[in-house]
>>> print(open('entry.csv').read())   # CSV, C-alpha atoms
chain,number,residue,atom,x,y,z
Q,284,MET,CA,-49.3,57.9,-41.8
Q,285,GLU,CA,-46.3,56.6,-43.8
Q,286,GLU,CA,-44.1,56.6,-40.8
Q,287,THR,CA,-46.7,54.7,-38.8
Q,288,ALA,CA,-47.0,52.1,-41.6
Q,289,ARG,CA,-43.2,51.7,-41.8
Q,290,SER,CA,-43.1,51.2,-38.0
Q,291,ALA,CA,-45.8,48.6,-38.0
Q,292,GLU,CA,-44.1,46.8,-40.8
Q,293,HIS,CA,-40.8,46.7,-38.9
Q,294,GLU,CA,-42.5,45.4,-35.8
Q,295,ALA,CA,-44.2,42.7,-37.7
Q,296,GLU,CA,-41.0,41.5,-39.3
Q,297,GLN,CA,-38.9,41.6,-36.1
Q,298,PRO,CA,-40.8,38.8,-34.2
Q,299,ALA,CA,-40.7,36.6,-37.3
Q,300,GLU,CA,-36.9,36.7,-37.2
Q,301,ASP,CA,-36.8,35.9,-33.4
Q,302,VAL,CA,-39.1,32.9,-33.8
Q,303,SER,CA,-37.0,31.7,-36.7
Q,304,ASP,CA,-33.9,31.8,-34.6
Q,305,ALA,CA,-35.6,30.1,-31.6
Q,306,GLN,CA,-36.8,27.3,-33.9
Q,307,ALA,CA,-33.5,26.8,-35.6
Q,308,PRO,CA,-32.9,23.0,-36.0
Q,309,GLY,CA,-30.4,21.4,-33.6
Q,310,PHE,CA,-29.0,17.9,-33.4
Q,311,ARG,CA,-31.0,15.2,-31.5
Q,312,LEU,CA,-29.2,12.3,-29.8
Q,313,ALA,CA,-31.4,9.5,-28.4
Q,314,TYR,CA,-30.0,7.0,-25.9
Q,315,VAL,CA,-31.3,4.0,-24.1
Q,316,PRO,CA,-31.3,3.3,-20.4
Q,317,GLY,CA,-27.9,2.6,-18.9
Q,318,VAL,CA,-26.0,4.7,-21.5
Q,319,THR,CA,-24.2,7.8,-20.3
Q,320,PRO,CA,-23.8,10.1,-23.4
Q,321,SER,CA,-22.2,13.1,-21.5
Q,322,LYS,CA,-18.7,12.4,-22.9
Q,323,TRP,CA,-19.8,12.7,-26.5
Q,324,VAL,CA,-22.2,15.6,-25.8
Q,325,ARG,CA,-19.3,17.6,-24.3
Q,326,THR,CA,-17.1,16.9,-27.3
Q,327,TRP,CA,-19.9,18.0,-29.6
Q,328,ILE,CA,-20.4,21.3,-27.7
Q,329,ASP,CA,-16.7,22.0,-27.9
Q,330,ARG,CA,-16.4,21.0,-31.6
Q,331,VAL,CA,-19.7,22.2,-33.1
Q,332,PRO,CA,-20.7,25.1,-30.8
Q,333,ASP,CA,-23.1,26.7,-33.4
Q,334,VAL,CA,-25.4,23.6,-33.4
Q,335,ARG,CA,-27.2,22.9,-30.1
Q,336,ILE,CA,-27.4,19.2,-29.2
Q,337,GLU,CA,-30.4,17.7,-27.4
Q,338,ALA,CA,-30.1,14.3,-25.5
Q,339,LEU,CA,-33.3,12.3,-25.4
Q,340,ALA,CA,-33.7,9.3,-23.0
Q,341,VAL,CA,-35.7,6.6,-24.8
Q,342,PRO,CA,-36.8,3.1,-23.8
Q,343,SER,CA,-34.8,0.4,-25.7
Q,344,ALA,CA,-38.0,-1.0,-27.3
Q,345,GLN,CA,-38.9,2.4,-28.8
Q,346,VAL,CA,-35.5,3.8,-30.0
Q,347,GLU,CA,-35.5,2.3,-33.5
Q,348,ALA,CA,-39.1,3.6,-34.2
Q,349,LEU,CA,-38.0,7.0,-33.0
Q,350,LEU,CA,-35.1,7.1,-35.5
Q,351,LEU,CA,-37.3,6.0,-38.3
Q,352,ASP,CA,-40.0,8.6,-37.5
Q,353,GLY,CA,-37.4,11.4,-37.6
Q,354,GLY,CA,-37.6,12.0,-33.8
Q,355,ALA,CA,-33.8,11.8,-33.5
Q,356,ASP,CA,-30.8,12.2,-35.8
Q,357,VAL,CA,-28.7,9.4,-34.2
Q,358,ALA,CA,-29.2,7.0,-31.3
Q,359,ILE,CA,-27.0,5.1,-28.9
Q,360,LEU,CA,-28.8,1.8,-28.7
Q,361,ARG,CA,-28.3,-1.9,-28.0
Q,362,ARG,CA,-27.7,-4.5,-30.6
Q,363,PRO,CA,-29.0,-6.3,-32.5
Q,364,VAL,CA,-30.4,-3.5,-34.7
Q,365,ARG,CA,-33.5,-5.0,-36.3
Q,366,SER,CA,-34.6,-2.5,-38.9
Q,367,GLU,CA,-33.0,-2.8,-42.3
Q,368,ASP,CA,-33.3,0.9,-42.8
Q,369,LEU,CA,-30.9,1.7,-40.1
Q,370,SER,CA,-27.1,1.7,-40.2
Q,371,HIS,CA,-24.9,1.3,-37.1
Q,372,ILE,CA,-21.4,1.1,-35.9
Q,373,ALA,CA,-20.2,-0.8,-32.8
Q,374,MET,CA,-19.2,1.3,-29.8
Q,375,TYR,CA,-18.5,-1.0,-26.8
Q,376,THR,CA,-19.7,-4.2,-25.1
Q,377,GLU,CA,-21.0,-4.5,-21.6
Q,378,VAL,CA,-20.7,-7.6,-19.4
Q,379,PRO,CA,-23.7,-9.1,-17.7
Q,380,VAL,CA,-24.1,-9.1,-13.9
Q,381,VAL,CA,-26.4,-10.8,-11.4
Q,382,VAL,CA,-28.3,-8.5,-9.1
Q,383,VAL,CA,-28.9,-10.1,-5.7
Q,384,PRO,CA,-29.9,-8.9,-2.2
Q,385,ARG,CA,-27.0,-8.0,0.1
Q,386,ASP,CA,-27.8,-10.9,2.4
Q,387,HIS,CA,-27.8,-13.5,-0.4
Q,388,VAL,CA,-25.1,-16.2,-0.4
Q,389,PHE,CA,-23.7,-14.8,-3.7
Q,390,ALA,CA,-23.0,-11.5,-2.1
Q,391,ALA,CA,-20.3,-13.2,0.1
Q,392,LEU,CA,-18.2,-13.7,-3.0
Q,393,GLU,CA,-15.3,-11.2,-3.6
Q,394,SER,CA,-16.3,-8.4,-6.0
Q,395,ASP,CA,-13.8,-9.7,-8.5
Q,396,GLU,CA,-15.1,-13.3,-8.5
Q,397,ALA,CA,-17.5,-14.2,-11.3
Q,398,LEU,CA,-20.5,-16.3,-11.1
Q,399,THR,CA,-21.4,-18.9,-13.9
Q,400,VAL,CA,-24.6,-19.8,-15.5
Q,401,ALA,CA,-24.4,-23.2,-13.7
Q,402,ASP,CA,-24.4,-21.3,-10.4
Q,403,LEU,CA,-27.9,-20.0,-11.1
Q,404,ALA,CA,-29.4,-23.5,-11.7
Q,405,ASP,CA,-31.3,-23.5,-8.3
Q,406,GLU,CA,-32.2,-19.8,-8.3
Q,407,VAL,CA,-35.5,-18.1,-9.5
Q,408,LEU,CA,-34.5,-15.8,-12.4
Q,409,LEU,CA,-36.7,-12.8,-13.2
Q,410,HIS,CA,-37.1,-12.0,-16.9
Q,411,PRO,CA,-38.6,-8.6,-17.5
Q,412,LEU,CA,-40.4,-7.8,-20.7
Q,413,ASP,CA,-37.9,-5.1,-21.6
Q,414,ASP,CA,-35.0,-7.5,-21.2
Q,415,VAL,CA,-32.0,-6.5,-23.4
Q,416,LEU,CA,-29.9,-9.6,-23.1
Q,417,GLY,CA,-32.1,-11.7,-25.4
Q,418,TRP,CA,-32.7,-14.7,-23.0
Q,419,ALA,CA,-35.1,-17.4,-24.5
Q,420,GLU,CA,-37.8,-18.4,-22.1
Q,421,PRO,CA,-38.0,-22.2,-21.5
Q,422,SER,CA,-41.7,-22.0,-22.4
Q,423,ASP,CA,-40.9,-20.3,-25.7
Q,424,GLY,CA,-40.2,-23.7,-27.4
Q,425,ALA,CA,-37.2,-22.2,-29.3
Q,426,ALA,CA,-36.2,-23.9,-32.5
Q,427,ALA,CA,-33.0,-25.8,-32.7
Q,428,ASP,CA,-31.4,-23.1,-34.8
Q,429,ASP,CA,-32.3,-20.4,-32.3
Q,430,ASP,CA,-29.0,-19.0,-31.1
Q,431,ARG,CA,-30.5,-17.2,-28.1
Q,432,PRO,CA,-29.2,-18.4,-24.7
Q,433,ALA,CA,-31.7,-20.2,-22.6
Q,434,LEU,CA,-32.8,-18.4,-19.4
Q,435,PRO,CA,-31.0,-20.2,-16.6
Q,436,GLY,CA,-32.4,-21.2,-13.2
Q,437,LYS,CA,-36.1,-21.5,-12.4
Q,438,PRO,CA,-38.5,-19.1,-14.1
Q,439,ALA,CA,-40.7,-16.8,-12.0
Q,440,ARG,CA,-44.5,-17.2,-12.2
Q,441,GLU,CA,-44.8,-14.0,-14.1
Q,442,ARG,CA,-42.6,-11.7,-16.1
Q,443,PRO,CA,-42.1,-8.2,-14.7
Q,444,THR,CA,-43.1,-5.4,-17.1
Q,445,THR,CA,-39.9,-3.4,-16.7
Q,446,THR,CA,-36.4,-3.8,-15.4
Q,447,ALA,CA,-37.3,-1.3,-12.6
Q,448,ASP,CA,-40.1,-3.7,-11.5
Q,449,ALA,CA,-37.8,-6.6,-11.5
Q,450,ILE,CA,-35.3,-4.7,-9.3
Q,451,GLU,CA,-38.1,-4.2,-6.8
Q,452,LEU,CA,-38.8,-7.9,-6.8
Q,453,VAL,CA,-35.2,-8.8,-6.2
Q,454,ALA,CA,-35.2,-6.5,-3.2
Q,455,ALA,CA,-38.3,-8.3,-2.0
Q,456,GLY,CA,-36.5,-11.6,-2.2
Q,457,ILE,CA,-38.6,-13.0,-5.0
Q,458,GLY,CA,-35.7,-13.9,-7.3
Q,459,LEU,CA,-32.5,-12.7,-9.0
Q,460,LEU,CA,-32.0,-10.6,-12.1
Q,461,VAL,CA,-29.3,-10.6,-14.9
Q,462,VAL,CA,-28.7,-7.3,-16.6
Q,463,PRO,CA,-25.9,-5.4,-18.3
Q,464,GLN,CA,-23.7,-3.7,-15.7
Q,465,SER,CA,-24.8,-0.2,-16.6
Q,466,LEU,CA,-28.5,-1.1,-15.8
Q,467,ALA,CA,-27.4,-2.5,-12.4
Q,468,ARG,CA,-25.7,0.8,-11.6
Q,469,LEU,CA,-28.7,2.8,-13.0
Q,470,HIS,CA,-31.1,1.0,-10.6
Q,471,HIS,CA,-28.7,1.0,-7.6
Q,472,ARG,CA,-30.1,0.3,-4.2
Q,473,LYS,CA,-28.4,0.1,-0.8
Q,474,ASP,CA,-30.0,-3.3,-0.1
Q,475,LEU,CA,-28.8,-4.8,-3.4
Q,476,THR,CA,-25.5,-5.6,-4.9
Q,477,TYR,CA,-24.3,-7.5,-8.0
Q,478,ARG,CA,-21.7,-10.0,-9.2
Q,479,THR,CA,-20.3,-10.5,-12.7
Q,480,LEU,CA,-21.8,-13.4,-14.7
Q,481,GLY,CA,-18.6,-14.7,-16.4
Q,482,ASP,CA,-20.2,-16.9,-19.1
Q,483,GLY,CA,-23.5,-14.9,-19.6
Q,484,PRO,CA,-24.6,-13.1,-22.8
Q,485,GLU,CA,-22.8,-9.8,-23.4
Q,486,ALA,CA,-24.6,-6.6,-24.2
Q,487,PRO,CA,-23.2,-4.8,-27.3
Q,488,VAL,CA,-23.9,-1.1,-27.7
Q,489,ALA,CA,-23.9,0.7,-31.0
Q,490,LEU,CA,-24.5,4.1,-32.7
Q,491,GLY,CA,-27.4,4.0,-35.1
Q,492,TRP,CA,-28.9,6.3,-37.7
Q,493,VAL,CA,-31.3,6.2,-40.7
Q,494,THR,CA,-29.2,5.1,-43.7
Q,495,GLU,CA,-30.7,7.6,-46.1
Q,496,ASP,CA,-30.4,10.5,-43.7
Q,497,LYS,CA,-26.7,10.5,-43.1
Q,498,THR,CA,-26.1,14.2,-43.0
Q,499,ASP,CA,-22.9,16.1,-42.4
Q,500,LEU,CA,-24.0,16.5,-38.7
Q,501,VAL,CA,-24.5,12.8,-38.4
Q,502,GLU,CA,-21.1,12.2,-40.0
Q,503,GLU,CA,-19.6,14.6,-37.5
Q,504,PHE,CA,-21.1,12.7,-34.5
Q,505,ILE,CA,-19.9,9.4,-36.0
Q,506,GLY,CA,-16.4,10.9,-36.1
Q,507,ILE,CA,-16.7,12.0,-32.4
Q,508,VAL,CA,-17.7,8.5,-31.4
Q,509,ARG,CA,-14.9,7.0,-33.4
Q,510,GLY,CA,-12.4,9.3,-31.8
Q,511,ARG,CA,-11.8,11.3,-35.0
Q,512,THR,CA,-9.9,14.6,-34.3
Q,513,ALA,CA,-11.2,18.1,-34.9
Q,514,ASN,CA,-8.6,18.4,-37.7
Q,515,SER,CA,-10.2,15.7,-39.8
Q,516,SER,CA,-11.6,16.8,-43.2
Q,517,ARG,CA,-14.9,14.9,-42.5
Q,518,GLY,CA,-17.9,16.4,-40.8
Q,519,VAL,CA,-18.8,20.1,-40.3
Q,520,ALA,CA,-16.2,21.2,-37.8
Q,521,GLY,CA,-13.4,23.1,-39.5
Q,522,PRO,CA,-9.7,22.4,-38.9
Q,523,THR,CA,-8.1,24.2,-36.0
Q,524,PRO,CA,-5.0,26.3,-36.7
Q,525,PRO,CA,-1.7,24.7,-35.6
Q,526,THR,CA,-0.2,25.9,-32.4
Q,527,PRO,CA,3.4,27.0,-32.2
Q,528,GLU,CA,4.2,23.8,-30.2
Q,529,ALA,CA,2.5,21.7,-33.0
Q,530,SER,CA,4.6,23.5,-35.6
Q,531,LYS,CA,7.8,22.7,-33.8
Q,532,LYS,CA,6.9,19.1,-33.5
Q,533,LYS,CA,6.1,18.9,-37.2
Q,534,ASP,CA,9.6,20.2,-37.9
Q,535,GLY,CA,11.1,17.4,-35.8
Q,536,ARG,CA,11.9,19.7,-32.8
Q,537,SER,CA,10.5,19.5,-29.3
Q,538,SER,CA,9.7,22.6,-27.2
Q,539,SER,CA,13.1,22.3,-25.6
Q,540,GLY,CA,14.8,22.5,-29.0
Q,541,GLY,CA,15.7,18.7,-29.3
Q,542,LYS,CA,14.2,16.1,-31.6
Q,543,SER,CA,10.9,14.8,-30.5
Q,544,GLY,CA,10.7,11.5,-32.5
Q,545,ALA,CA,11.0,9.2,-29.5
Q,546,GLY,CA,8.7,11.3,-27.4
Q,547,ALA,CA,6.1,11.4,-30.2
Q,548,LYS,CA,6.3,7.6,-30.6
Q,549,GLY,CA,5.8,7.1,-26.9
Q,550,ALA,CA,2.8,9.6,-26.9
Q,551,ARG,CA,1.3,7.8,-29.8
Q,552,ALA,CA,1.7,4.4,-28.1
Q,553,THR,CA,0.1,5.7,-24.9
Q,554,SER,CA,-2.8,7.3,-26.8
Q,555,ALA,CA,-3.4,4.1,-28.7
Q,556,ALA,CA,-3.4,2.1,-25.5
Q,557,ALA,CA,-5.8,4.5,-23.9
Q,558,ARG,CA,-8.2,4.3,-26.8
Q,559,SER,CA,-8.0,0.5,-26.9
Q,560,GLY,CA,-8.7,0.3,-23.2
Q,561,ALA,CA,-11.7,2.6,-23.5
Q,562,LYS,CA,-13.3,0.5,-26.2
Q,563,GLN,CA,-12.7,-2.9,-24.7
Q,564,ALA,CA,-15.3,-4.5,-22.5
Q,565,PRO,CA,-14.6,-5.1,-18.8
Q,566,SER,CA,-12.7,-8.3,-18.1
Q,567,GLY,CA,-15.8,-9.8,-16.4
Q,568,GLY,CA,-14.1,-10.7,-13.1
Q,569,LYS,CA,-12.0,-13.5,-11.9
Q,570,LYS,CA,-13.2,-16.9,-12.9
Q,571,SER,CA,-12.9,-20.2,-11.1
Q,572,GLY,CA,-13.6,-23.8,-12.1
Q,573,ARG,CA,-15.0,-24.5,-8.6
Q,574,SER,CA,-18.7,-24.0,-7.8
Q,575,VAL,CA,-19.9,-21.1,-5.7
Q,576,ALA,CA,-20.7,-23.4,-2.8
Q,577,LYS,CA,-17.1,-24.8,-2.7
Q,578,ARG,CA,-15.6,-21.3,-3.0
Q,579,LEU,CA,-17.8,-20.0,-0.2
Q,580,GLY,CA,-17.3,-23.1,1.9
Q,581,LYS,CA,-13.5,-22.8,1.7
Q,582,SER,CA,-13.8,-19.1,2.6
Q,583,GLN,CA,-15.9,-19.8,5.7
Q,584,SER,CA,-13.6,-22.7,6.7
Q,585,MET,CA,-10.6,-20.3,6.6
Q,586,LYS,CA,-12.4,-17.8,8.8
Q,587,GLY,CA,-13.2,-20.6,11.3
Q,588,ARG,CA,-9.6,-21.6,11.6
Q,589,LYS,CA,-8.5,-18.0,12.2
Q,590,LYS,CA,-11.1,-17.6,15.0
Q,591,GLY,CA,-9.9,-20.9,16.5
Q,592,ARG,CA,-6.4,-19.6,16.7
>>> encode(input="entry.csv", output="structure tokens")
Amino acid sequence: MEETARSAEHEAEQPAEDVSDAQAPGFRLAYVPGVTPSKWVRTWIDRVPDVRIEALAVPSAQVEALLLDGGADVAILRRPVRSEDLSHIAMYTEVPVVVVPRDHVFAALESDEALTVADLADEVLLHPLDDVLGWAEPSDGAAADDDRPALPGKPARERPTTTADAIELVAAGIGLLVVPQSLARLHHRKDLTYRTLGDGPEAPVALGWVTEDKTDLVEEFIGIVRGRTANSSRGVAGPTPPTPEASKKKDGRSSSGGKSGAGAKGARATSAAARSGAKQAPSGGKKSGRSVAKRLGKSQSMKGRKKGR
């Protein structure tokens, strides 16, 4: 009887340990549409292998509430961040693009030529309810101190519910749509293309978290986003032991036995340039003071001359 009791007690305790391991807390990263978090997720897996990371796709309008409710530890979201209980750091800035049908006159522009807001004056512009660029509707009656850019062009009769709905309407020839470049790529269709809007509102992206819940894991992810190395004293990832090559460089000797000062300076300069380029927004395309009509008219005239020859 005693042996049976001990066996039952052991079996009762064993599942409890398994369940505890299965429910061990991980790290939850929320991100809004258009964001591709794979780069930072891979770095996390390499640097903090003992803590699983879960990436959660969340609509832009819901991401702040998710953070505040404890549904995620950090979130890659779009600014402005409205809640005063959230802290954030800037990550990068996206340029706006105009999504058009492939047979639209704007599609005849070179891919590196940028449109302007003035070019959209005679176009119907779709303004979805989940817009992230912050356009002000002409019917909103915005105050004089409202710094939101006014929606250019002619407004559509109704506002589409989502960006995906607006993309469908662009494909149907109802109007055009201005979105951050990542959203244009996310909703890519073979019958649509896009051109950069050179003077349109930019779309800044940030990393946000609840100010009072800045744990060591949150600090670790902030460091990953900022490009902090694994040898940093911050966060939860311990320093990695120096390699023989690193030790030689620290002593002022390269792997070939010579001094590595010039090479190290060159490597640091290259690394700094790479980091700078990764954080900068795209250039936005080639701008021109001429209207689209004049640019396209000259292009068509040149083609006619070539045919005549």
>>> atom_distance(input="entry.csv", atom1="CA of Val357 (chain Q)", atom2="CA of Lys497 (chain Q)")
9.2 Å
>>> residues_around(input="entry.csv", residues="Arg325 (chain Q)", least_positions_apart="4", cutoff="12 Å", atoms="all atoms listed in the file", output="list in words")
Thr319, Pro320, Ser321, Asp329, Arg330, Val331, Pro332, Arg335, Ile336, Glu337, Ala338, Phe504, Ile507 and Val508 of chain Q
>>> write_last_selection(input="entry.csv", atoms="C-alpha atoms", output="CSV table (one decimal), in the frame of the given file")
chain,number,residue,atom,x,y,z
Q,319,THR,CA,-24.2,7.8,-20.3
Q,320,PRO,CA,-23.8,10.1,-23.4
Q,321,SER,CA,-22.2,13.1,-21.5
Q,329,ASP,CA,-16.7,22.0,-27.9
Q,330,ARG,CA,-16.4,21.0,-31.6
Q,331,VAL,CA,-19.7,22.2,-33.1
Q,332,PRO,CA,-20.7,25.1,-30.8
Q,335,ARG,CA,-27.2,22.9,-30.1
Q,336,ILE,CA,-27.4,19.2,-29.2
Q,337,GLU,CA,-30.4,17.7,-27.4
Q,338,ALA,CA,-30.1,14.3,-25.5
Q,504,PHE,CA,-21.1,12.7,-34.5
Q,507,ILE,CA,-16.7,12.0,-32.4
Q,508,VAL,CA,-17.7,8.5,-31.4
>>> residues_near_point(input="entry.csv", point="(-36.3, -10.9, -1.4)", cutoff="10 Å", atoms="all atoms listed in the file", output="CSV table (one decimal) with C-alpha atoms, in the coordinates of the input")
chain,number,residue,atom,x,y,z
Q,383,VAL,CA,-28.9,-10.1,-5.7
Q,384,PRO,CA,-29.9,-8.9,-2.2
Q,385,ARG,CA,-27.0,-8.0,0.1
Q,386,ASP,CA,-27.8,-10.9,2.4
Q,387,HIS,CA,-27.8,-13.5,-0.4
Q,451,GLU,CA,-38.1,-4.2,-6.8
Q,452,LEU,CA,-38.8,-7.9,-6.8
Q,453,VAL,CA,-35.2,-8.8,-6.2
Q,454,ALA,CA,-35.2,-6.5,-3.2
Q,455,ALA,CA,-38.3,-8.3,-2.0
Q,456,GLY,CA,-36.5,-11.6,-2.2
Q,457,ILE,CA,-38.6,-13.0,-5.0
Q,458,GLY,CA,-35.7,-13.9,-7.3
Q,459,LEU,CA,-32.5,-12.7,-9.0
Q,474,ASP,CA,-30.0,-3.3,-0.1
Q,475,LEU,CA,-28.8,-4.8,-3.4
>>> atom_distance(input="entry.csv", atom1="CA of Leu416 (chain Q)", atom2="CA of Lys437 (chain Q)")
17.2 Å
>>> closest_residue(input="entry.csv", among="Q:Glu377, Q:Leu398, Q:Leu500, Q:Pro363", to="Asp333 (chain Q)", atoms="all atoms listed in the file")
Q:Leu500
>>> closest_residue(input="entry.csv", among="Q:His371, Q:Arg509, Q:His470, Q:Arg440", to="Pro487 (chain Q)", atoms="only C-alpha atoms")
Q:His371
>>> closest_residue(input="entry.csv", among="Q:Trp323, Q:Thr479, Q:Arg472, Q:Ile450", to="Glu393 (chain Q)", atoms="only C-alpha atoms")
Q:Thr479
>>> residues_around(input="entry.csv", residues="region 401-406 of chain Q", least_positions_apart="6", cutoff="10 Å", atoms="all atoms listed in the file", output="ChimeraX atom specification")
/Q:381,389,434-439,457-460,480,482,574-576
>>> closest_residue(input="entry.csv", among="Q:Val346, Q:Val318, Q:Ala397, Q:Leu351", to="Arg468 (chain Q)", atoms="all atoms listed in the file")
Q:Val318
>>> atom_distance(input="entry.csv", atom1="CA of Ser343 (chain Q)", atom2="CA of Lys473 (chain Q)")
25.7 Å
>>> closest_residue(input="entry.csv", among="Q:Gln345, Q:Thr476, Q:Arg361, Q:Leu339", to="Val388 (chain Q)", atoms="all atoms listed in the file")
Q:Thr476
>>> closest_residue(input="entry.csv", among="Q:Glu503, Q:Thr498, Q:Lys322, Q:Arg478", to="Ala390 (chain Q)", atoms="all atoms listed in the file")
Q:Arg478
>>> residues_near_point(input="entry.csv", point="(-24.0, -8.0, -24.5)", cutoff="9 Å", atoms="only C-alpha atoms", output="list in words")
Arg361, Arg362, Thr376, Glu377, Val378, Pro379, Val415, Leu416, Gly417, Pro463, Gly483, Pro484, Glu485, Ala486, Pro487 and Val488 of chain Q
